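Enquirer: Structure file model14.cif, mmCIF, C-alpha atoms and all ligand atoms, is pasted below:
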data_target
#
loop_
_atom_site.label_atom_id
_atom_site.label_comp_id
_atom_site.auth_asym_id
_atom_site.auth_seq_id
_atom_site.Cartn_x
_atom_site.Cartn_y
_atom_site.Cartn_z
CA MET A 1 -8.88 13.66 5.15
CA PHE A 2 -8.40 12.06 1.79
CA PRO A 3 -8.33 14.95 -0.69
CA ALA A 4 -10.81 15.30 -3.56
CA VAL A 5 -8.82 13.86 -6.43
CA ASP A 6 -9.99 12.95 -9.90
CA LEU A 7 -7.99 9.98 -11.06
CA GLY A 8 -9.56 9.80 -14.50
CA ASP A 9 -9.56 6.25 -15.87
CA LEU A 10 -7.73 5.04 -12.76
CA GLU A 11 -10.95 5.60 -10.79
CA ARG A 12 -11.95 2.13 -12.01
CA TYR A 13 -9.56 0.67 -9.44
CA ARG A 14 -10.94 2.54 -6.46
CA VAL A 15 -13.18 0.49 -4.19
CA HIS A 16 -16.03 2.87 -3.48
CA ALA A 17 -17.10 3.28 0.11
CA GLY A 18 -20.45 1.62 0.63
CA GLY A 19 -20.25 0.21 -2.89
CA GLY A 20 -21.33 -3.29 -1.90
CA ALA A 21 -19.69 -6.65 -2.40
CA VAL A 22 -16.29 -6.82 -4.09
CA LYS A 23 -15.76 -9.74 -6.46
CA LEU A 24 -12.07 -10.14 -7.18
CA ALA A 25 -12.80 -12.80 -9.78
CA ASP A 26 -14.45 -10.07 -11.84
CA ILE A 27 -11.32 -7.91 -11.84
CA ASP A 28 -8.64 -8.93 -14.33
CA PRO A 29 -5.09 -8.96 -12.87
CA ARG A 30 -3.94 -8.15 -16.42
CA ASP A 31 -6.38 -5.28 -16.91
CA ARG A 32 -4.83 -2.27 -18.69
CA GLN A 33 -7.78 0.03 -19.07
CA GLY A 34 -6.69 2.49 -16.40
CA LEU A 35 -3.89 3.88 -18.55
CA SER A 36 -4.02 4.69 -22.22
CA PHE A 37 -0.46 3.68 -23.01
CA GLY A 38 1.70 0.59 -23.44
CA LYS A 39 4.83 -0.61 -21.68
CA ALA A 40 7.47 1.74 -23.10
CA GLU A 41 5.36 4.85 -22.60
CA ALA A 42 4.27 3.65 -19.16
CA LYS A 43 7.87 3.37 -18.04
CA LYS A 44 8.51 6.96 -19.12
CA ALA A 45 5.32 8.15 -17.43
CA THR A 46 6.28 6.32 -14.24
CA ALA A 47 9.72 7.95 -14.23
CA ALA A 48 8.10 11.37 -14.66
CA ASP A 49 5.56 10.62 -11.92
CA ILE A 50 8.31 9.52 -9.55
CA ALA A 51 10.30 12.69 -10.24
CA GLU A 52 7.20 14.71 -9.40
CA ILE A 53 6.51 12.66 -6.26
CA ASP A 54 10.10 13.40 -5.21
CA ARG A 55 9.62 17.14 -5.81
CA LEU A 56 6.34 17.20 -3.88
CA GLN A 57 7.82 15.10 -1.09
CA GLU A 58 10.36 17.84 -0.41
CA ILE A 59 7.55 20.36 -0.01
CA LEU A 60 5.63 17.91 2.20
CA TYR A 61 8.75 17.74 4.36
CA ALA A 62 9.35 21.48 4.46
CA GLN A 63 5.73 22.29 5.22
CA ALA A 64 5.43 19.69 8.01
CA LYS A 65 1.65 19.77 7.83
CA HIS A 66 0.70 16.40 6.34
CA ALA A 67 1.73 12.78 6.70
CA VAL A 68 1.11 10.25 3.94
CA LEU A 69 0.62 6.54 4.58
CA VAL A 70 0.74 4.03 1.75
CA VAL A 71 -0.44 0.53 2.63
CA LEU A 72 0.62 -2.35 0.38
CA GLN A 73 -1.11 -5.70 0.65
CA GLY A 74 -1.11 -8.73 -1.58
CA MET A 75 -0.33 -12.42 -1.76
CA ASP A 76 3.26 -13.70 -1.74
CA ALA A 77 5.14 -12.55 -4.86
CA SER A 78 2.46 -9.99 -5.71
CA GLY A 79 5.14 -7.30 -5.86
CA LYS A 80 5.04 -5.44 -2.56
CA ASP A 81 8.83 -5.28 -2.26
CA GLY A 82 9.21 -4.42 -5.94
CA THR A 83 6.73 -1.56 -5.67
CA ILE A 84 8.64 -0.12 -2.72
CA ARG A 85 11.92 -0.33 -4.61
CA ASN A 86 10.60 0.96 -7.94
CA VAL A 87 8.13 3.65 -6.90
CA PHE A 88 9.46 4.86 -3.55
CA GLY A 89 13.12 3.86 -3.77
CA GLN A 90 14.20 7.17 -5.25
CA LEU A 91 12.74 9.39 -2.57
CA SER A 92 15.07 10.99 -0.04
CA PRO A 93 15.55 8.59 2.87
CA LEU A 94 14.97 11.62 5.09
CA GLY A 95 11.38 11.86 3.97
CA ALA A 96 10.25 8.28 3.49
CA VAL A 97 10.19 5.26 5.73
CA ALA A 98 9.11 1.71 4.92
CA THR A 99 7.97 -0.78 7.56
CA SER A 100 7.46 -4.52 7.05
CA PHE A 101 4.98 -6.31 9.26
CA LYS A 102 5.95 -9.90 9.96
CA GLN A 103 4.45 -12.48 12.28
CA PRO A 104 3.91 -10.63 15.56
CA THR A 105 6.40 -11.26 18.35
CA GLU A 106 5.23 -12.46 21.73
CA HIS A 107 5.59 -8.90 23.00
CA GLU A 108 3.48 -7.54 20.14
CA LEU A 109 0.85 -10.23 20.65
CA ALA A 110 0.51 -9.23 24.27
CA HIS A 111 -0.85 -5.87 23.07
CA ASP A 112 -3.91 -4.97 21.02
CA PHE A 113 -3.38 -5.62 17.29
CA LEU A 114 -3.05 -1.94 16.39
CA TRP A 115 -0.34 -1.20 18.94
CA ARG A 116 2.65 -2.04 16.73
CA VAL A 117 0.99 -0.38 13.77
CA HIS A 118 0.28 2.91 15.49
CA GLU A 119 3.91 3.12 16.52
CA ALA A 120 4.97 2.81 12.89
CA VAL A 121 2.63 5.37 11.31
CA PRO A 122 4.47 8.26 9.65
CA PRO A 123 4.66 11.58 11.48
CA ARG A 124 3.80 14.81 9.69
CA ARG A 125 6.19 15.54 6.81
CA MET A 126 6.92 11.86 6.10
CA ILE A 127 5.69 9.34 3.57
CA GLY A 128 5.31 5.99 5.33
CA ILE A 129 5.03 2.79 3.33
CA PHE A 130 3.62 -0.34 4.94
CA ASN A 131 4.72 -3.67 3.50
CA ARG A 132 1.78 -5.65 4.92
CA SER A 133 -0.09 -3.94 7.71
CA HIS A 134 -2.85 -4.13 10.29
CA TYR A 135 -4.90 -5.82 7.54
CA GLU A 136 -2.98 -9.05 8.22
CA ASP A 137 -5.09 -9.19 11.37
CA VAL A 138 -8.20 -9.72 9.26
CA LEU A 139 -6.44 -11.72 6.49
CA VAL A 140 -3.96 -14.37 7.65
CA VAL A 141 -5.59 -14.28 11.09
CA ARG A 142 -9.03 -14.89 9.58
CA VAL A 143 -7.86 -17.59 7.16
CA HIS A 144 -6.01 -19.51 9.86
CA GLY A 145 -8.38 -18.81 12.73
CA LEU A 146 -5.56 -17.24 14.80
CA ALA A 147 -8.09 -15.21 16.78
CA PRO A 148 -11.72 -15.99 17.68
CA PRO A 149 -14.14 -15.11 14.85
CA ASP A 150 -16.00 -12.47 16.87
CA ARG A 151 -12.72 -10.69 17.60
CA VAL A 152 -11.79 -10.71 13.92
CA ASP A 153 -15.26 -9.41 13.03
CA ALA A 154 -14.87 -6.49 15.42
CA ARG A 155 -11.58 -5.51 13.80
CA TYR A 156 -13.05 -4.09 10.60
CA GLY A 157 -14.79 -1.37 12.57
CA GLU A 158 -11.73 -0.87 14.76
CA ILE A 159 -9.55 -0.47 11.67
CA ASN A 160 -11.96 2.08 10.19
CA ALA A 161 -12.00 4.06 13.43
CA PHE A 162 -8.19 3.95 13.62
CA GLU A 163 -7.77 5.11 10.03
CA GLN A 164 -10.41 7.82 10.52
CA HIS A 165 -8.48 9.00 13.56
CA LEU A 166 -5.23 9.15 11.58
CA ALA A 167 -6.98 10.98 8.75
CA GLU A 168 -8.36 13.57 11.14
CA ASN A 169 -4.81 14.04 12.38
CA ASP A 170 -3.42 15.08 8.99
CA THR A 171 -2.58 11.66 7.57
CA THR A 172 -3.55 10.94 3.99
CA ILE A 173 -3.99 7.19 3.59
CA LEU A 174 -3.78 5.22 0.34
CA LYS A 175 -4.26 1.46 0.36
CA PHE A 176 -3.24 -0.75 -2.57
CA PHE A 177 -4.18 -4.39 -2.99
CA LEU A 178 -1.78 -5.89 -5.52
CA HIS A 179 -4.12 -8.15 -7.45
CA LEU A 180 -2.10 -11.10 -8.77
CA SER A 181 -3.45 -14.15 -10.59
CA LYS A 182 -2.67 -17.55 -9.12
CA LYS A 183 -1.07 -18.45 -12.45
CA GLU A 184 1.35 -15.54 -12.28
CA GLN A 185 2.13 -16.39 -8.66
CA THR A 186 3.02 -19.93 -9.78
CA ARG A 187 5.45 -18.47 -12.31
CA ARG A 188 7.04 -16.09 -9.84
CA LEU A 189 7.38 -18.63 -7.03
CA ARG A 190 9.01 -21.10 -9.44
CA ALA A 191 11.41 -18.38 -10.54
CA ARG A 192 12.22 -17.69 -6.89
CA LEU A 193 13.08 -21.32 -6.31
CA GLU A 194 15.30 -21.47 -9.37
CA ASP A 195 17.16 -18.19 -8.87
CA PRO A 196 19.83 -18.29 -6.14
CA THR A 197 19.49 -14.51 -5.74
CA LYS A 198 15.77 -14.82 -5.12
CA ARG A 199 15.59 -18.06 -3.18
CA TRP A 200 15.94 -16.27 0.16
CA LYS A 201 12.49 -14.80 -0.40
CA PHE A 202 10.95 -18.23 -0.66
CA SER A 203 9.42 -19.69 2.45
CA PRO A 204 8.04 -23.24 2.59
CA SER A 205 4.94 -21.70 4.16
CA ASP A 206 4.30 -19.88 0.84
CA VAL A 207 3.20 -23.24 -0.58
CA ALA A 208 0.77 -23.83 2.28
CA GLU A 209 -0.61 -20.29 1.94
CA ARG A 210 -1.13 -20.86 -1.78
CA GLU A 211 -3.33 -23.81 -0.98
CA ARG A 212 -5.58 -21.43 0.90
CA TRP A 213 -5.79 -19.09 -2.11
CA ASP A 214 -9.60 -19.03 -2.29
CA ASP A 215 -9.90 -18.39 1.45
CA TYR A 216 -7.48 -15.48 1.10
CA MET A 217 -9.45 -14.02 -1.80
CA THR A 218 -12.61 -14.17 0.31
CA ALA A 219 -10.81 -12.53 3.26
CA TYR A 220 -9.51 -9.79 0.95
CA GLU A 221 -12.97 -9.22 -0.53
CA ILE A 222 -14.44 -8.72 2.92
CA ALA A 223 -11.66 -6.33 3.98
CA LEU A 224 -11.91 -4.33 0.73
CA GLU A 225 -15.66 -4.04 1.05
CA ARG A 226 -15.78 -3.14 4.75
CA CYS A 227 -12.67 -0.98 5.00
CA SER A 228 -12.66 1.16 1.87
CA THR A 229 -13.81 4.47 3.34
CA ASP A 230 -13.85 8.11 2.31
CA ALA A 231 -11.00 8.68 4.76
CA ALA A 232 -8.88 5.79 3.54
CA PRO A 233 -9.76 4.28 0.16
CA TRP A 234 -8.64 0.91 -1.15
CA PHE A 235 -7.46 0.45 -4.72
CA VAL A 236 -7.32 -2.92 -6.47
CA VAL A 237 -4.22 -2.73 -8.68
CA PRO A 238 -3.82 -5.24 -11.53
CA ALA A 239 -0.43 -6.70 -10.63
CA ASP A 240 0.39 -9.42 -13.15
CA ARG A 241 2.46 -6.91 -15.10
CA LYS A 242 5.06 -5.18 -12.95
CA TRP A 243 5.39 -2.10 -15.15
CA TYR A 244 1.63 -1.60 -15.11
CA ARG A 245 1.43 -2.01 -11.33
CA ASP A 246 4.20 0.57 -10.86
CA ALA A 247 2.62 2.97 -13.35
CA VAL A 248 -0.79 2.82 -11.65
CA ILE A 249 0.56 3.29 -8.15
CA ALA A 250 2.97 6.08 -9.09
CA ARG A 251 0.18 7.97 -10.86
CA ILE A 252 -2.29 7.61 -7.98
CA VAL A 253 0.32 8.71 -5.42
CA ARG A 254 1.30 11.66 -7.59
CA ARG A 255 -2.29 12.81 -8.12
CA THR A 256 -3.00 12.48 -4.40
CA LEU A 257 0.02 14.59 -3.46
CA GLU A 258 -0.99 17.16 -6.08
CA ALA A 259 -4.41 17.40 -4.46
CA LEU A 260 -2.96 18.27 -1.04
CA ASP A 261 -2.43 21.95 -0.28
CA LEU A 262 1.34 21.58 -0.38
CA ALA A 263 3.35 24.79 -0.23
CA TYR A 264 6.75 25.79 1.08
CA PRO A 265 6.33 27.52 4.42
CA SER A 266 6.05 31.30 4.17
CA GLU A 267 9.18 33.30 4.94
CA MET A 268 9.97 34.14 8.49
CA PRO A 269 9.52 37.89 9.10
CA GLY A 270 12.79 39.84 8.99
CA LEU A 271 14.63 37.18 7.02
CA ASP A 272 15.00 39.52 4.06
CA LYS A 273 17.02 41.92 6.22
CA LEU A 274 19.42 39.20 7.37
CA ARG A 275 22.90 39.35 5.81
CA ILE A 276 25.32 36.46 5.79
CA THR A 277 28.71 38.05 6.28
P1 LIG B 1 6.87 -11.86 4.24
O1 LIG B 1 6.07 -10.63 3.97
O2 LIG B 1 6.96 -12.78 3.07
O3 LIG B 1 8.19 -11.55 4.85
O4 LIG B 1 6.08 -12.72 5.34
C1 LIG B 1 5.62 -12.16 6.51
C2 LIG B 1 4.65 -13.16 7.11
O5 LIG B 1 4.16 -12.62 8.34
C3 LIG B 1 3.44 -13.40 6.23
O6 LIG B 1 3.21 -14.76 6.12
C4 LIG B 1 2.31 -12.72 6.99
O7 LIG B 1 1.07 -13.31 6.78
C5 LIG B 1 2.79 -12.84 8.42
N1 LIG B 1 2.13 -11.86 9.28
C6 LIG B 1 2.19 -10.52 9.19
N2 LIG B 1 1.39 -9.93 10.10
C7 LIG B 1 0.80 -10.93 10.79
C8 LIG B 1 -0.13 -10.98 11.87
N3 LIG B 1 -0.62 -9.86 12.40
N4 LIG B 1 -0.50 -12.18 12.33
C9 LIG B 1 0.01 -13.31 11.79
N5 LIG B 1 0.89 -13.34 10.78
C10 LIG B 1 1.28 -12.17 10.28
MG MG B 2 6.88 -14.22 1.73
#
Mind turning the file's structure into structure tokens?
Expert:
Amino acid sequence: MFPAVDLGDLERYRVHAGGGAVKLADIDPRDRQGLSFGKAEAKKATAADIAEIDRLQEILYAQAKHAVLVVLQGMDASGKDGTIRNVFGQLSPLGAVATSFKQPTEHELAHDFLWRVHEAVPPRRMIGIFNRSHYEDVLVVRVHGLAPPDRVDARYGEINAFEQHLAENDTTILKFFLHLSKKEQTRRLRARLEDPTKRWKFSPSDVAERERWDDYMTAYEIALERCSTDAAPWFVVPADRKWYRDAVIARIVRRTLEALDLAYPSEMPGLDKLRIT
């Protein structure tokens, strides 16, 4: 189950279960009211939060009782890759695993939409990070009509049941929507085109997707409203500033780990009498 955690001012970004319609236009991608500090202090706080996440991750691993799943969603260039590098990149590779979900293969499409996702969920003791996720099946699939509307409609409930099932099996789920403005996306996509080290990230389809921006926002609003549950909450993270995005996510992950009953396993009986000779 998602632990009781008081996130202070960051609670403003949680989408409350049963809270009614979500209007992304009313949420500022440059909002800074969740944290009381500016850029320099935020960077220090993020570094401290990451160090603490790393410390707690070792206990999570040793204890082998909980799994943690972090879902990252957002438009192209919203910072999913950057978040993984900045916030989770310093964890031990033994204890963290990131999975990117691309266009499904023929083999994947022959199964139900959760099949490839269930295979990738973290086992107990691991932090799993999803770069895109099963939500694509109610986002890109909805926007482009890749499945019949009644099938897409059924998926919200199926996703909630799936996440509830994971939660009841010791998985703590955190879902972050990286809320980018279209203006900032324009800037970042242009930079991608101009920078030879970033051009590989650019796909001509990004331009076509951008043209469906409003449809995507609507699809996100529906998913956020229907699938933010007590077991697996969504957070809308202002993402126009990278340092702010990282600071918010690092703090929420840290607070969530702190709220779990993490403890090193108790000593095995008789260990104190063992002598290494
Ligand atoms: P990227 O994250 O930029 O590497 O792009 C991955 C692409 O795969 C995105 O355009 C996604 O929308 C697409 N994608 C991921 N999952 C699905 C899915 N279930 N159905 C269709 N397209 C998907
Ligand atoms: Mg892309």
Enquirer: Report, in Å with one decimal, the straight-line distance from CA of Ser203 in chain A to CA of Ala77 in chain A.
Expert: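 Distance between the two atoms: 11.1 Å.
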Enquirer: Which residue gives the smallest distance to Ala45 in chain A among A:Val87, A:Leu260, A:Asn160, A:Lys182, with all atoms listed in the file counted?
Expert: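 Smallest separation from Ala45 in chain A among the options: A:Val87.
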Enquirer: In Å to one decimal, how far is atom C8 of ligand LIG 1 (chain B) from CA of Asp137 in chain A?
Expert: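 Result for CA of Asp137 in chain A versus atom C8 of ligand LIG 1 (chain B): 5.3 Å, one decimal.
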Enquirer: From the list A:Gly18, A:Gly270, A:Pro204, A:Pro196, which residue is nearest Ser228 in chain A when using all atoms listed in the file?
Expert: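 Of A:Gly18, A:Gly270, A:Pro204, A:Pro196, the one nearest Ser228 in chain A is A:Gly18, counting all atoms listed in the file.
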Enquirer: From the options A:Phe162, A:Trp243, A:Trp234, A:Tyr135, which residue's atoms come nearest to Ala219 in chain A, counting all atoms listed in the file?
Expert: A:Tyr135
Enquirer: Report as a ChimeraX atom specification which protein, DNA and RNA residues come within 12 Å of ligand MG 2 (chain B), using all atoms listed in the file.
Expert: /A:73-81,100-103,131-132,185,188-189,192,198-210
Enquirer: Which one of A:Arg190, A:His111, A:His16, A:His179 sits closest to ligand LIG 1 (chain B) if you count only C-alpha atoms and all ligand atoms?
Expert: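 Of A:Arg190, A:His111, A:His16, A:His179, the one nearest ligand LIG 1 (chain B), counting only C-alpha atoms and all ligand atoms, is A:His111.
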Enquirer: With all atoms listed in the file as the basis for distance, which of A:Gln164, A:Thr186, A:Thr197, A:Ser133 is at the shortest distance from ligand LIG 1 (chain B)?
Expert: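 Looking only at the distances to ligand LIG 1 (chain B), the closest residue turns out to be A:Ser133.
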Enquirer: With a distance cut-off of 12 Å and all atoms listed in the file, select the neighbouring residues of Pro238 in chain A, excluding the residue or stretch itself and same-chain residues fewer than 3 positions from it, and output the selection as a ChimeraX atom specification.
Expert: /A:10,12-14,24-35,74,78-79,176-181,184,235,241-249
Enquirer: Determine the nearest neighbour of Phe2 in chain A from the options A:Leu69, A:Pro122, A:Cys227, A:Ala191, counting all atoms listed in the file.
Expert: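 Looking only at the distances to Phe2 in chain A, the closest residue turns out to be A:Leu69.
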Enquirer: CA of Ala67 in chain A to CA of Met126 in chain A: how many Å, to one decimal?
Expert: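 These two atoms are separated by 5.3 Å.
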Enquirer: Let me have the centre and edge lengths in Å, one decimal, of the box along x, y and z around every listed atom of ligand LIG 1 (chain B) with 6 Å of margin on each side, as JSON.
Expert:
{"center_x": 3.8, "center_y": -12.3, "center_z": 7.7, "size_x": 20.8, "size_y": 16.9, "size_z": 21.3}
Enquirer: Reconstruct all heavy atoms of range 12-23 of chain A from the incomplete input and present them as a JSON list (two decimals), in the frame of the given file.
Expert:
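selection.json was written with the following content:
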[["chain", "number", "residue", "atom", "x", "y", "z"],
["A", 12, "ARG", "N", -11.38, 3.48, -11.92],
["A", 12, "ARG", "CA", -11.95, 2.13, -12.01],
["A", 12, "ARG", "C", -11.37, 1.20, -10.95],
["A", 12, "ARG", "O", -11.94, 0.17, -10.65],
["A", 12, "ARG", "CB", -11.76, 1.56, -13.42],
["A", 12, "ARG", "CG", -10.31, 1.36, -13.82],
["A", 12, "ARG", "CD", -10.13, 1.07, -15.31],
["A", 12, "ARG", "NE", -10.32, -0.34, -15.64],
["A", 12, "ARG", "CZ", -11.39, -0.82, -16.26],
["A", 12, "ARG", "NH1", -12.36, -0.03, -16.61],
["A", 12, "ARG", "NH2", -11.49, -2.10, -16.54],
["A", 13, "TYR", "N", -10.19, 1.55, -10.43],
["A", 13, "TYR", "CA", -9.56, 0.67, -9.44],
["A", 13, "TYR", "C", -9.90, 1.02, -8.00],
["A", 13, "TYR", "O", -9.53, 0.31, -7.08],
["A", 13, "TYR", "CB", -8.03, 0.68, -9.63],
["A", 13, "TYR", "CG", -7.60, 0.25, -11.01],
["A", 13, "TYR", "CD1", -6.65, 0.97, -11.73],
["A", 13, "TYR", "CD2", -8.18, -0.87, -11.60],
["A", 13, "TYR", "CE1", -6.27, 0.57, -13.00],
["A", 13, "TYR", "CE2", -7.81, -1.27, -12.87],
["A", 13, "TYR", "CZ", -6.85, -0.54, -13.58],
["A", 13, "TYR", "OH", -6.49, -0.93, -14.83],
["A", 14, "ARG", "N", -10.58, 2.15, -7.82],
["A", 14, "ARG", "CA", -10.94, 2.54, -6.46],
["A", 14, "ARG", "C", -12.13, 1.69, -5.98],
["A", 14, "ARG", "O", -13.08, 1.48, -6.72],
["A", 14, "ARG", "CB", -11.34, 4.02, -6.43],
["A", 14, "ARG", "CG", -11.47, 4.58, -5.02],
["A", 14, "ARG", "CD", -12.30, 5.85, -4.97],
["A", 14, "ARG", "NE", -11.71, 6.98, -5.69],
["A", 14, "ARG", "CZ", -11.27, 8.10, -5.10],
["A", 14, "ARG", "NH1", -11.35, 8.23, -3.81],
["A", 14, "ARG", "NH2", -10.78, 9.08, -5.82],
["A", 15, "VAL", "N", -12.04, 1.20, -4.77],
["A", 15, "VAL", "CA", -13.18, 0.49, -4.19],
["A", 15, "VAL", "C", -14.03, 1.55, -3.49],
["A", 15, "VAL", "O", -13.59, 2.19, -2.54],
["A", 15, "VAL", "CB", -12.72, -0.58, -3.16],
["A", 15, "VAL", "CG1", -13.92, -1.30, -2.56],
["A", 15, "VAL", "CG2", -11.76, -1.57, -3.82],
["A", 16, "HIS", "N", -15.23, 1.76, -4.01],
["A", 16, "HIS", "CA", -16.03, 2.87, -3.48],
["A", 16, "HIS", "C", -16.66, 2.53, -2.14],
["A", 16, "HIS", "O", -17.17, 1.43, -1.94],
["A", 16, "HIS", "CB", -17.08, 3.30, -4.51],
["A", 16, "HIS", "CG", -16.44, 4.02, -5.65],
["A", 16, "HIS", "ND1", -16.07, 5.35, -5.57],
["A", 16, "HIS", "CD2", -16.01, 3.58, -6.86],
["A", 16, "HIS", "CE1", -15.47, 5.70, -6.69],
["A", 16, "HIS", "NE2", -15.42, 4.65, -7.49],
["A", 17, "ALA", "N", -16.56, 3.47, -1.22],
["A", 17, "ALA", "CA", -17.10, 3.28, 0.11],
["A", 17, "ALA", "C", -18.59, 3.00, 0.00],
["A", 17, "ALA", "O", -19.31, 3.71, -0.71],
["A", 17, "ALA", "CB", -16.85, 4.53, 0.96],
["A", 18, "GLY", "N", -19.03, 1.97, 0.67],
["A", 18, "GLY", "CA", -20.45, 1.62, 0.63],
["A", 18, "GLY", "C", -20.90, 1.08, -0.72],
["A", 18, "GLY", "O", -22.09, 1.04, -1.03],
["A", 19, "GLY", "N", -19.94, 0.65, -1.53],
["A", 19, "GLY", "CA", -20.25, 0.21, -2.89],
["A", 19, "GLY", "C", -20.71, -1.24, -2.99],
["A", 19, "GLY", "O", -20.92, -1.74, -4.09],
["A", 20, "GLY", "N", -20.84, -1.92, -1.87],
["A", 20, "GLY", "CA", -21.33, -3.29, -1.90],
["A", 20, "GLY", "C", -20.22, -4.30, -2.10],
["A", 20, "GLY", "O", -19.03, -3.97, -2.03],
["A", 21, "ALA", "N", -20.63, -5.53, -2.35],
["A", 21, "ALA", "CA", -19.69, -6.65, -2.40],
["A", 21, "ALA", "C", -18.62, -6.45, -3.47],
["A", 21, "ALA", "O", -18.89, -5.94, -4.56],
["A", 21, "ALA", "CB", -20.45, -7.94, -2.65],
["A", 22, "VAL", "N", -17.41, -6.86, -3.13],
["A", 22, "VAL", "CA", -16.29, -6.82, -4.09],
["A", 22, "VAL", "C", -16.09, -8.24, -4.58],
["A", 22, "VAL", "O", -15.99, -9.18, -3.79],
["A", 22, "VAL", "CB", -15.01, -6.32, -3.37],
["A", 22, "VAL", "CG1", -13.81, -6.36, -4.31],
["A", 22, "VAL", "CG2", -15.21, -4.91, -2.81],
["A", 23, "LYS", "N", -16.03, -8.41, -5.91],
["A", 23, "LYS", "CA", -15.76, -9.74, -6.46],
["A", 23, "LYS", "C", -14.43, -9.70, -7.21],
["A", 23, "LYS", "O", -14.34, -9.18, -8.32],
["A", 23, "LYS", "CB", -16.86, -10.16, -7.45],
["A", 23, "LYS", "CG", -18.17, -10.65, -6.86],
["A", 23, "LYS", "CD", -18.08, -11.77, -5.82],
["A", 23, "LYS", "CE", -17.51, -13.10, -6.29],
["A", 23, "LYS", "NZ", -17.20, -13.97, -5.10]]
